[in-house]
Structure formats: structure tokens, C-alpha cells
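As provided, final07.txt (compact mmCIF, C-alpha atoms and all ligand atoms) reads as follows.
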```txt
# COMPACT_ATOMS: atom_id res chain seq x y z
CA MET A 1 193.55 -59.85 129.71
CA ALA A 2 197.02 -58.34 129.69
CA THR A 3 198.42 -54.98 128.70
CA THR A 4 200.84 -53.67 126.07
CA ALA A 5 203.46 -53.22 128.81
CA GLU A 6 203.05 -56.83 129.97
CA TYR A 7 203.66 -58.10 126.43
CA GLY A 8 206.72 -55.83 126.25
CA LEU A 9 205.62 -54.36 122.95
CA GLY A 10 207.05 -50.88 123.26
CA SER A 11 206.81 -47.44 124.76
CA GLN A 12 203.40 -46.55 123.31
CA THR A 13 200.28 -48.11 124.82
CA TYR A 14 198.27 -48.01 121.59
CA PRO A 15 199.61 -48.76 118.12
CA ARG A 16 200.15 -46.44 115.16
CA GLY A 17 198.13 -47.26 112.06
CA TRP A 18 194.86 -47.27 110.19
CA PHE A 19 192.01 -48.81 112.14
CA MET A 20 188.38 -49.60 111.53
CA ILE A 21 186.07 -47.78 113.95
CA GLY A 22 182.60 -48.50 112.59
CA ILE A 23 180.27 -49.57 109.82
CA SER A 24 179.39 -46.86 107.30
CA GLU A 25 175.67 -47.46 107.13
CA ASN A 26 175.34 -47.22 110.91
CA VAL A 27 176.65 -43.66 111.08
CA GLY A 28 174.08 -40.93 110.54
CA ALA A 29 173.45 -37.38 111.69
CA THR A 30 172.80 -38.44 115.29
CA PRO A 31 176.18 -38.21 117.01
CA GLN A 32 177.38 -41.49 118.50
CA ALA A 33 179.65 -42.03 121.46
CA VAL A 34 182.54 -44.25 120.43
CA ARG A 35 185.55 -45.38 122.41
CA TYR A 36 188.87 -46.58 121.00
CA PHE A 37 192.51 -46.25 122.07
CA GLY A 38 191.34 -45.63 125.63
CA ARG A 39 189.59 -42.36 124.69
CA ASP A 40 186.04 -41.22 124.33
CA MET A 41 185.15 -39.76 120.94
CA VAL A 42 182.05 -38.78 118.99
CA LEU A 43 181.30 -39.86 115.45
CA TYR A 44 178.61 -38.35 113.21
CA ARG A 45 177.74 -37.65 109.62
CA GLY A 46 177.59 -33.96 108.81
CA ARG A 47 174.81 -32.61 106.62
CA SER A 48 177.18 -32.68 103.62
CA GLY A 49 177.56 -36.43 104.11
CA ARG A 50 181.07 -36.06 105.53
CA LEU A 51 182.01 -38.17 108.54
CA VAL A 52 183.48 -36.37 111.55
CA LEU A 53 185.35 -37.91 114.51
CA LEU A 54 186.11 -35.64 117.46
CA ASP A 55 187.23 -36.10 121.05
CA ALA A 56 184.10 -36.34 123.13
CA TYR A 57 184.44 -33.78 125.89
CA CYS A 58 183.63 -30.11 125.43
CA PRO A 59 186.55 -27.87 126.47
CA HIS A 60 184.11 -25.45 128.18
CA MET A 61 182.92 -27.64 131.06
CA GLY A 62 183.55 -31.19 129.96
CA THR A 63 180.13 -32.21 128.62
CA HIS A 64 180.05 -35.30 126.43
CA LEU A 65 179.14 -33.97 123.00
CA ALA A 66 177.09 -37.01 121.96
CA LYS A 67 175.50 -38.42 125.10
CA ASN A 68 172.37 -36.32 125.38
CA THR A 69 168.71 -36.73 124.52
CA THR A 70 166.97 -34.07 126.62
CA SER A 71 168.71 -30.73 125.93
CA TRP A 72 166.71 -28.36 123.72
CA VAL A 73 169.81 -28.24 121.51
CA VAL A 74 169.16 -31.89 120.72
CA ARG A 75 165.36 -31.80 120.78
CA ASP A 76 165.25 -28.78 118.46
CA GLY A 77 167.47 -30.55 115.87
CA LYS A 78 170.47 -28.26 116.48
CA HIS A 79 172.89 -30.97 117.59
CA VAL A 80 174.46 -31.24 114.13
CA GLU A 81 174.34 -28.13 111.92
CA GLY A 82 176.10 -28.29 108.58
CA ASP A 83 179.15 -30.38 109.40
CA SER A 84 179.43 -28.90 112.91
CA ILE A 85 178.28 -30.29 116.26
CA ARG A 86 176.74 -28.25 119.04
CA CYS A 87 177.38 -29.04 122.71
CA PRO A 88 174.10 -29.82 124.49
CA TYR A 89 175.03 -27.83 127.63
CA HIS A 90 175.76 -24.19 126.58
CA ALA A 91 175.46 -24.65 122.81
CA TRP A 92 179.04 -24.01 121.79
CA ARG A 93 179.43 -25.32 118.27
CA PHE A 94 182.51 -27.10 116.86
CA GLY A 95 183.45 -27.54 113.21
CA PRO A 96 184.80 -30.77 111.70
CA ASP A 97 188.32 -29.44 112.40
CA GLY A 98 187.40 -29.43 116.10
CA LYS A 99 187.56 -25.62 116.47
CA ALA A 100 184.63 -23.78 118.03
CA ASP A 101 182.94 -21.91 115.18
CA GLU A 102 180.19 -20.36 117.30
CA ILE A 103 179.68 -19.52 120.96
CA PRO A 104 176.18 -18.06 120.95
CA TYR A 105 176.56 -15.63 123.87
CA ILE A 106 180.24 -14.65 123.66
CA LYS A 107 181.22 -11.00 123.71
CA GLY A 108 184.46 -10.80 121.77
CA LYS A 109 186.65 -13.35 120.06
CA ILE A 110 186.38 -17.13 120.34
CA PRO A 111 189.51 -18.24 122.25
CA GLU A 112 191.99 -20.59 120.52
CA ALA A 113 191.60 -23.08 123.35
CA ALA A 114 187.94 -23.56 122.46
CA CYS A 115 188.59 -26.69 120.44
CA VAL A 116 188.50 -30.47 120.63
CA ARG A 117 190.81 -32.85 118.87
CA SER A 118 189.67 -33.85 115.39
CA TRP A 119 190.73 -37.24 114.02
CA PRO A 120 191.20 -38.13 110.33
CA VAL A 121 188.32 -40.24 109.03
CA GLN A 122 187.95 -42.19 105.81
CA GLU A 123 184.92 -44.04 104.59
CA ARG A 124 185.61 -46.90 102.18
CA TYR A 125 184.35 -50.41 101.48
CA GLY A 126 181.38 -49.98 103.80
CA CYS A 127 183.68 -49.23 106.75
CA VAL A 128 184.76 -46.17 108.71
CA TRP A 129 188.49 -45.82 109.36
CA THR A 130 190.73 -43.56 111.36
CA TRP A 131 194.47 -43.03 111.51
CA HIS A 132 195.85 -43.31 115.05
CA ASP A 133 199.35 -42.14 115.89
CA PRO A 134 200.56 -41.49 119.45
CA GLU A 135 203.14 -39.11 117.93
CA ASN A 136 200.42 -37.25 115.97
CA GLY A 137 202.13 -37.88 112.63
CA ALA A 138 200.41 -38.11 109.25
CA PRO A 139 199.82 -41.59 107.77
CA ASP A 140 203.00 -43.23 106.48
CA TYR A 141 201.05 -45.80 104.45
CA ASP A 142 197.63 -45.86 102.79
CA LEU A 143 194.51 -47.78 103.62
CA PRO A 144 194.58 -50.99 101.61
CA ALA A 145 193.06 -50.69 98.15
CA ILE A 146 190.44 -53.41 97.73
CA THR A 147 190.88 -53.87 94.05
CA ASP A 148 187.82 -56.06 93.42
CA TRP A 149 185.41 -53.62 95.08
CA ASP A 150 184.32 -51.93 91.85
CA ASP A 151 184.12 -55.15 89.82
CA PRO A 152 180.42 -56.07 89.32
CA SER A 153 181.21 -59.80 89.44
CA TRP A 154 182.02 -59.41 93.16
CA VAL A 155 179.29 -59.39 95.81
CA HIS A 156 180.15 -56.86 98.52
CA TRP A 157 180.40 -57.93 102.11
CA THR A 158 177.96 -57.07 104.84
CA ILE A 159 180.14 -56.36 107.84
CA ASP A 160 179.65 -58.57 110.92
CA ASP A 161 180.24 -56.54 114.07
CA LEU A 162 181.71 -59.03 116.54
CA GLY A 163 181.90 -56.63 119.47
CA THR A 164 184.72 -56.61 121.99
CA LEU A 165 187.10 -59.33 123.10
CA PRO A 166 188.71 -59.30 126.54
CA CYS A 167 192.15 -59.78 125.05
CA HIS A 168 194.99 -57.70 123.72
CA PRO A 169 195.28 -57.53 119.90
CA GLN A 170 198.62 -59.35 120.23
CA GLU A 171 196.68 -62.60 120.66
CA ILE A 172 194.87 -61.98 117.36
CA ILE A 173 198.06 -60.99 115.55
CA ASP A 174 199.66 -64.31 116.62
CA ASN A 175 197.16 -66.03 114.27
CA ILE A 176 199.01 -64.77 111.17
CA CYS A 177 201.82 -67.27 111.77
CA ASP A 178 199.93 -69.91 113.77
CA VAL A 179 200.24 -72.89 111.44
CA SER A 180 199.70 -75.48 114.17
CA HIS A 181 196.15 -74.31 115.04
CA LEU A 182 194.89 -74.72 111.46
CA SER A 183 194.24 -78.43 111.63
CA PRO A 184 192.78 -78.79 115.16
CA ILE A 185 190.63 -75.64 115.08
CA HIS A 186 189.62 -75.30 111.42
CA GLY A 187 190.10 -78.86 110.15
CA SER A 188 192.70 -77.78 107.60
CA THR A 189 195.09 -80.19 105.97
CA VAL A 190 198.04 -77.88 105.60
CA GLU A 191 200.11 -78.78 102.57
CA TYR A 192 202.29 -75.69 102.50
CA PHE A 193 202.77 -72.68 104.73
CA GLU A 194 205.00 -69.65 104.98
CA ASN A 195 205.09 -66.13 106.35
CA GLU A 196 206.72 -63.06 104.90
CA PHE A 197 207.31 -59.77 106.67
CA ASP A 198 207.89 -56.69 104.60
CA GLY A 199 207.71 -53.24 106.18
CA HIS A 200 204.24 -52.64 107.62
CA THR A 201 202.92 -55.79 105.88
CA ALA A 202 202.80 -59.33 107.30
CA ILE A 203 201.82 -62.10 104.89
CA GLN A 204 200.74 -65.72 105.34
CA ARG A 205 200.51 -68.13 102.40
CA GLN A 206 198.95 -71.52 102.95
CA GLY A 207 197.10 -74.24 101.09
CA GLY A 208 195.26 -77.48 101.82
CA GLY A 209 191.71 -78.63 102.61
CA HIS A 210 189.51 -76.72 105.07
CA ARG A 211 186.73 -78.61 106.82
CA THR A 212 184.80 -75.59 108.14
CA LEU A 213 184.75 -73.65 104.89
CA SER A 214 184.51 -76.05 102.01
CA GLY A 215 186.18 -79.35 102.59
CA ALA A 216 187.69 -78.95 99.17
CA GLU A 217 191.20 -78.03 98.08
CA PHE A 218 191.74 -74.53 99.14
CA SER A 219 194.46 -71.89 99.30
CA THR A 220 194.72 -68.53 101.02
CA ASP A 221 196.97 -65.53 100.76
CA THR A 222 196.44 -63.53 103.90
CA TRP A 223 198.04 -60.29 104.92
CA TYR A 224 198.01 -57.49 107.43
CA THR A 225 198.24 -53.95 106.16
CA GLY A 226 199.56 -52.41 109.37
CA PRO A 227 198.50 -53.66 112.80
CA GLY A 228 194.70 -53.76 112.47
CA ILE A 229 193.53 -54.66 108.96
CA LEU A 230 193.71 -58.23 107.70
CA GLN A 231 192.63 -59.46 104.29
CA SER A 232 192.63 -62.97 102.94
CA LYS A 233 192.21 -63.95 99.31
CA MET A 234 190.78 -67.45 99.13
CA LYS A 235 190.63 -69.75 96.17
CA GLY A 236 188.36 -72.79 96.55
CA SER A 237 184.71 -73.39 95.78
CA TYR A 238 184.49 -69.59 95.28
CA ASN A 239 186.98 -66.82 94.78
CA SER A 240 186.51 -64.74 97.86
CA ARG A 241 188.22 -62.26 100.09
CA ILE A 242 187.90 -61.88 103.82
CA LEU A 243 188.28 -58.67 105.78
CA ILE A 244 189.01 -58.94 109.48
CA CYS A 245 189.64 -55.74 111.38
CA HIS A 246 190.53 -55.27 115.00
CA THR A 247 191.00 -52.08 116.95
CA PRO A 248 192.10 -51.52 120.55
CA VAL A 249 189.33 -50.17 122.79
CA GLU A 250 191.25 -50.24 126.07
CA ASP A 251 194.72 -51.57 126.82
CA GLY A 252 193.87 -55.28 126.65
CA VAL A 253 190.39 -55.02 125.10
CA THR A 254 189.83 -55.30 121.34
CA HIS A 255 186.89 -54.69 118.99
CA ALA A 256 186.64 -56.97 115.93
CA TRP A 257 184.71 -57.06 112.64
CA HIS A 258 184.46 -59.57 109.81
CA GLY A 259 183.32 -59.39 106.20
CA LEU A 260 183.58 -61.59 103.09
CA MET A 261 183.33 -60.64 99.41
CA VAL A 262 182.59 -63.40 96.91
CA GLN A 263 182.96 -63.47 93.14
CA SER A 264 180.15 -64.89 91.01
CA VAL A 265 180.87 -68.40 89.76
CA SER A 266 180.37 -67.22 86.16
CA GLY A 267 182.81 -64.33 86.57
CA LYS A 268 180.03 -62.09 85.18
CA ALA A 269 177.90 -59.50 87.00
CA ALA A 270 176.58 -61.05 90.21
CA THR A 271 172.97 -62.33 90.11
CA ASP A 272 170.52 -62.78 92.99
CA ALA A 273 171.66 -66.40 93.22
CA ASP A 274 175.29 -65.24 93.51
CA ILE A 275 174.30 -62.82 96.27
CA ALA A 276 172.51 -65.61 98.16
CA ALA A 277 175.54 -67.90 97.72
CA ALA A 278 177.84 -65.11 98.93
CA ARG A 279 175.76 -64.60 102.09
CA GLY A 280 175.96 -68.33 102.78
CA PHE A 281 179.71 -68.36 102.26
CA GLN A 282 180.15 -65.31 104.50
CA ALA A 283 178.26 -67.20 107.22
CA ALA A 284 180.63 -70.16 106.80
CA SER A 285 183.63 -67.84 106.94
CA LEU A 286 182.23 -66.25 110.10
CA ALA A 287 181.83 -69.73 111.59
CA ALA A 288 185.51 -70.38 110.82
CA PHE A 289 186.52 -67.10 112.47
CA ALA A 290 184.27 -67.93 115.44
CA GLN A 291 186.44 -70.99 116.02
CA ASP A 292 189.36 -68.66 116.75
CA PHE A 293 187.15 -66.15 118.53
CA GLU A 294 185.88 -68.68 121.07
CA VAL A 295 189.45 -69.40 122.15
CA TRP A 296 190.37 -65.72 122.38
CA GLN A 297 187.33 -64.97 124.52
CA THR A 298 188.46 -67.23 127.33
CA LYS A 299 192.21 -67.89 127.03
CA ARG A 300 194.72 -66.41 129.44
CA ALA A 301 197.29 -64.09 127.95
CA ALA A 302 200.25 -65.78 126.22
CA LEU A 303 202.84 -63.32 127.51
CA SER A 304 205.39 -65.80 126.28
CA ILE A 305 204.78 -68.80 124.04
CA LEU A 306 206.12 -72.25 124.81
CA GLN A 307 207.27 -72.61 121.24
CA VAL A 308 208.14 -76.05 119.84
CA GLN A 309 209.45 -77.23 116.49
CA GLY A 310 206.59 -77.22 114.00
CA ASP A 311 205.02 -74.07 115.43
CA GLY A 312 204.94 -71.02 113.18
CA PRO A 313 207.38 -68.12 113.62
CA PHE A 314 205.51 -66.45 116.51
CA ASN A 315 208.64 -64.71 117.71
CA LYS A 316 209.14 -63.08 114.30
CA ALA A 317 205.52 -61.89 114.09
CA ARG A 318 205.74 -60.47 117.58
CA ILE A 319 208.85 -58.49 116.62
CA TRP A 320 207.10 -57.27 113.43
CA TYR A 321 204.15 -56.09 115.58
CA LYS A 322 206.43 -54.02 117.85
CA GLN A 323 207.06 -51.48 115.08
CA PHE A 324 203.61 -50.03 115.72
CA TYR A 325 204.15 -49.56 119.47
CA ASN A 326 207.41 -47.65 119.23
CA PRO A 327 208.32 -44.23 117.86
CA ARG A 328 208.18 -44.12 114.09
CA ALA A 329 211.91 -43.38 113.96
CA GLN A 330 212.53 -46.96 115.19
CA ALA A 331 210.13 -48.69 112.79
CA LYS A 332 212.62 -49.46 110.02
CA ALA A 333 215.16 -51.03 112.38
CA ILE A 334 212.41 -53.27 113.80
CA GLN A 335 211.16 -54.21 110.31
CA ASP A 336 214.72 -55.10 109.25
CA ARG A 337 214.97 -57.69 112.05
CA VAL A 338 212.27 -59.88 110.47
CA ARG A 339 212.11 -58.86 106.81
CA GLY A 340 211.83 -61.81 104.42
CA VAL A 341 210.21 -65.24 104.07
CA HIS A 342 210.00 -67.60 107.05
CA THR A 343 209.03 -71.24 106.74
CA VAL A 344 208.12 -73.89 109.29
CA ALA A 345 210.10 -77.04 110.12
CA GLY A 346 208.67 -80.03 108.25
CA LEU A 347 206.46 -78.07 105.82
CA PRO A 348 207.14 -76.75 102.32
CA GLY A 349 206.78 -73.04 101.64
CA ALA A 350 204.35 -71.62 99.08
CA PRO A 351 204.74 -72.97 95.53
CA GLN A 352 204.32 -69.58 93.90
CA PRO A 353 204.63 -66.67 96.26
CA ALA A 354 201.81 -64.22 95.48
CA ALA A 355 202.41 -60.65 96.49
CA ALA A 356 200.07 -58.87 98.85
CA GLU A 357 198.29 -55.99 97.19
S1 LIG B 401 180.10 -27.62 128.43
FE1 LIG B 401 179.95 -27.55 126.30
S2 LIG B 401 179.22 -25.58 125.86
FE2 LIG B 401 179.44 -25.64 128.00
FE FE B 402 192.37 -69.26 112.73
```

As C-alpha cells, what does this structure read like?
Ligand code: FES
Ligand SMILES: [Fe+2]
Amino acid sequence: MATTAEYGLGSQTYPRGWFMIGISENVGATPQAVRYFGRDMVLYRGRSGRLVLLDAYCPHMGTHLAKNTTSWVVRDGKHVEGDSIRCPYHAWRFGPDGKADEIPYIKGKIPEAACVRSWPVQERYGCVWTWHDPENGAPDYDLPAITDWDDPSWVHWTIDDLGTLPCHPQEIIDNICDVSHLSPIHGSTVEYFENEFDGHTAIQRQGGGHRTLSGAEFSTDTWYTGPGILQSKMKGSYNSRILICHTPVEDGVTHAWHGLMVQSVSGKAATDADIAAARGFQAASLAAFAQDFEVWQTKRAALSILQVQGDGPFNKARIWYKQFYNPRAQAKAIQDRVRGVHTVAGLPGAPQPAAAE
């Protein structure tokens, strides 16, 4: 495990961007303690159905807003009221904007300081997302649009929660350009490979056989939308798309999730047989990801890479990744250092570059 500072990524410990923080169906009206970006937060579903993410500690006396089972506030069902959450200790209540909207015993006005930080939350594609920015700016790009989501020929993913890895997300990001692991780890016969960096997007295009997934001829267009959301469109025995998300928990600890959507073979509305096939293919995709995961769980940090000819452009991807760890004002200059297509010595690039969505 190594830290952002040890990798020399930039002045901000945690990156700016959209990040997955949970699975939609797991979030209900019982507030949950969650921890990302080195901070404790609470996540709950208000009575309107809206998701709320707040810093965890009450400004009154520091009580954790979620971690309680014995207070009468909780036992009487007053923990979440409307879209607000009530502190178990003295029953101050906070709205989804984080401001105290009731202090039951106060004489006079509620002070301005009676608030906790509220984080933006979005719920899409079965996942819960937040925007994290050390400079507190609004999002400068959107969550990726998953264009096949509303098409009935596609079977939705069920998200695999892979838990935490004792490694910095840098080690996961390296995978986007790691052409030389594809054959030994995944059994791929790589026939072409290239990367492209464009603003907050990093793309990998590759094709060849893949022993873990299908054995058959196979091509993938894979891309990061910002630092934490990876999608891969695969063409092979099925049309499918992978989602892999990773979010910093601590400096050097990362939470990861995996999902796979599959299109029915007929291209028509998915049947029970298509759903069963999709579940099987998701399991195979998870097994392929587990091949990377096993390495990440035990490797030492690659603070520098002993790069040889035939390796992918690790140095370029690492520069691309720095844009998220530095003030937003520097992002464009960092992007400009790596913008464009990068190929690997001895391998052709993609025959027909497909754009990321
Ligand atoms: S500590 Fe939260 S209301 Fe007192
Ligand atoms: Fe891999």
C-alpha cells in the first residue's frame, strides 16, 4: 500500500470526479455509515425516495448520525423523517441540504453553524454516485450515459461488490494501458492494441482471443470516464458491456465493484434464457476481473515501473491520471501532455477507432 504523495500524483490526496459509493437496492431508510475519501459519511433514502449523503458527525457534540440502534430516536422510528435525519443523541434534525431544520428544545433561532456537509448524489444504472472535488467545485463533466440501459434487448447487470483492496487506485488505472498482462493473466491473443487520451477520458482498444471469457475472437473498447468509472464494450459470443468502478476509501485503499450487461442473442426483448445466459457471462467476466484482482491484493506498490519495449504507455496513463489530483485550473495543461492515440512497439493499432460514448 502506498499513498498519493508517494506516487507523486499531485497536491490533492483524493481525486476530483464522479465515483460510485454503493448499490441502489442496498440503500433504504435505515441510515448507513459509509466511508470514502478518508471521511465518514451517512447514506440513506428519504421517505420521498431521494438518496441523501451527509458527513457523519453531528455538529452539536460529534455523534455519528447513523451508528445507533438503542436511542429512542431510532427505536421510535424517528431517525429518518421526510428526507431529514435526526441525530440519536439530542434529536437535532438535518435536512438533505445538511442544515439543521429542527432542534426540539431550542429557544430562539437555529444557528447557521448547525449543519453538516451535504454531498451531491445521483442514482442511475442500479448504482449510487457522488461527485467529489477537493476544491468544492460543481461537476465539470457528466456521469457516463449508458445508452443501452433502456433497450429491452439488454439484460441489466447485478452489481458485484468486491469490497476493498489494499492498494492505491493508481495500480488499477495502470490496467487501461497494460497490454503485456493480457496474454499471461487473461489468456488473450492480442492482435491489435492502442490507447487514446482525450480530456477526462482514457480509452483502450484491443482485439484478439480471450481464454477466460470466450476463447473466441473478441474485441473490446474500454474507457474511463474520469478517474473512477470504467466501461468496456465487448463484441464476441455476446454483445456485452462491463462496468468496473473504483473509489478511494483511504489514501492507498480502494473499493471496487463490477457489473456486466448482455444483449440477447436475437437482438429482441430478453427472455428468461437470455437472463440466465447473461448471469453466466457476468460470472465469467467477474472471473476475468478476479485474475487482475488477485494480483492487486498482494502486489507491492509500483511507485515506478521498470518499463520495457512492448509494454503499454504506462507513463502516459499516469500523467493523464494526475489531472484529477491537481487543482482544476491545471487539468487542461496536464491533458494536453498526453492527448491523442498511443500505440505499442510491435503491435498494430485499432483497425477502426470507435469513439467512447
Ligand atoms: S450530538 Fe447530535 S444532537 Fe447532540
Ligand atoms: Fe486485466

Practice problem: Would you list the residues near (206.4, -51.8, 101.6), meaning any protein, DNA or RNA residue with an atom at most 12 Å from that point in file coordinates, counting only C-alpha atoms, as JSON, numbers by chain? | Solution: {"A": [140, 141, 142, 144, 196, 197, 198, 199, 200, 201, 202, 203, 224, 225, 226, 332, 335, 336, 339, 340, 355, 356, 357]}

Practice problem: May I ask which of the residues A:Trp119, A:Tyr105, A:Phe37, A:Tyr7 is the closest one to ligand LIG 401 (chain B), counting only C-alpha atoms and all ligand atoms? | Solution: A:Tyr105

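Polymer residues near (180.8, -63.3, 102.8): counting only C-alpha atoms with a cut-off of 9 Å, they are Val155, His156, Trp157, Thr158, Ile159, Ser240, Arg241, Ile242, His258, Gly259, Leu260, Met261, Val262, Ala277, Ala278, Arg279, Gly280, Phe281, Gln282, Ala283, Ala284, Ser285 and Leu286 of chain A.
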
Quiz prompt | Given 10 Å and all atoms listed in the file, residues near ligand LIG 401 (chain B) as a VMD selection string | solution = chain A and resid 57 to 65 86 to 94 100 103 to 104 114

Quiz item: Between A:Leu347, A:Ala301, A:Ile23, A:Val295, which is the closest to ligand FE 402 (chain B) once you count only C-alpha atoms and all ligand atoms?
Solution: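 Residue with the minimum atom-to-atom distance to ligand FE 402 (chain B): A:Val295.
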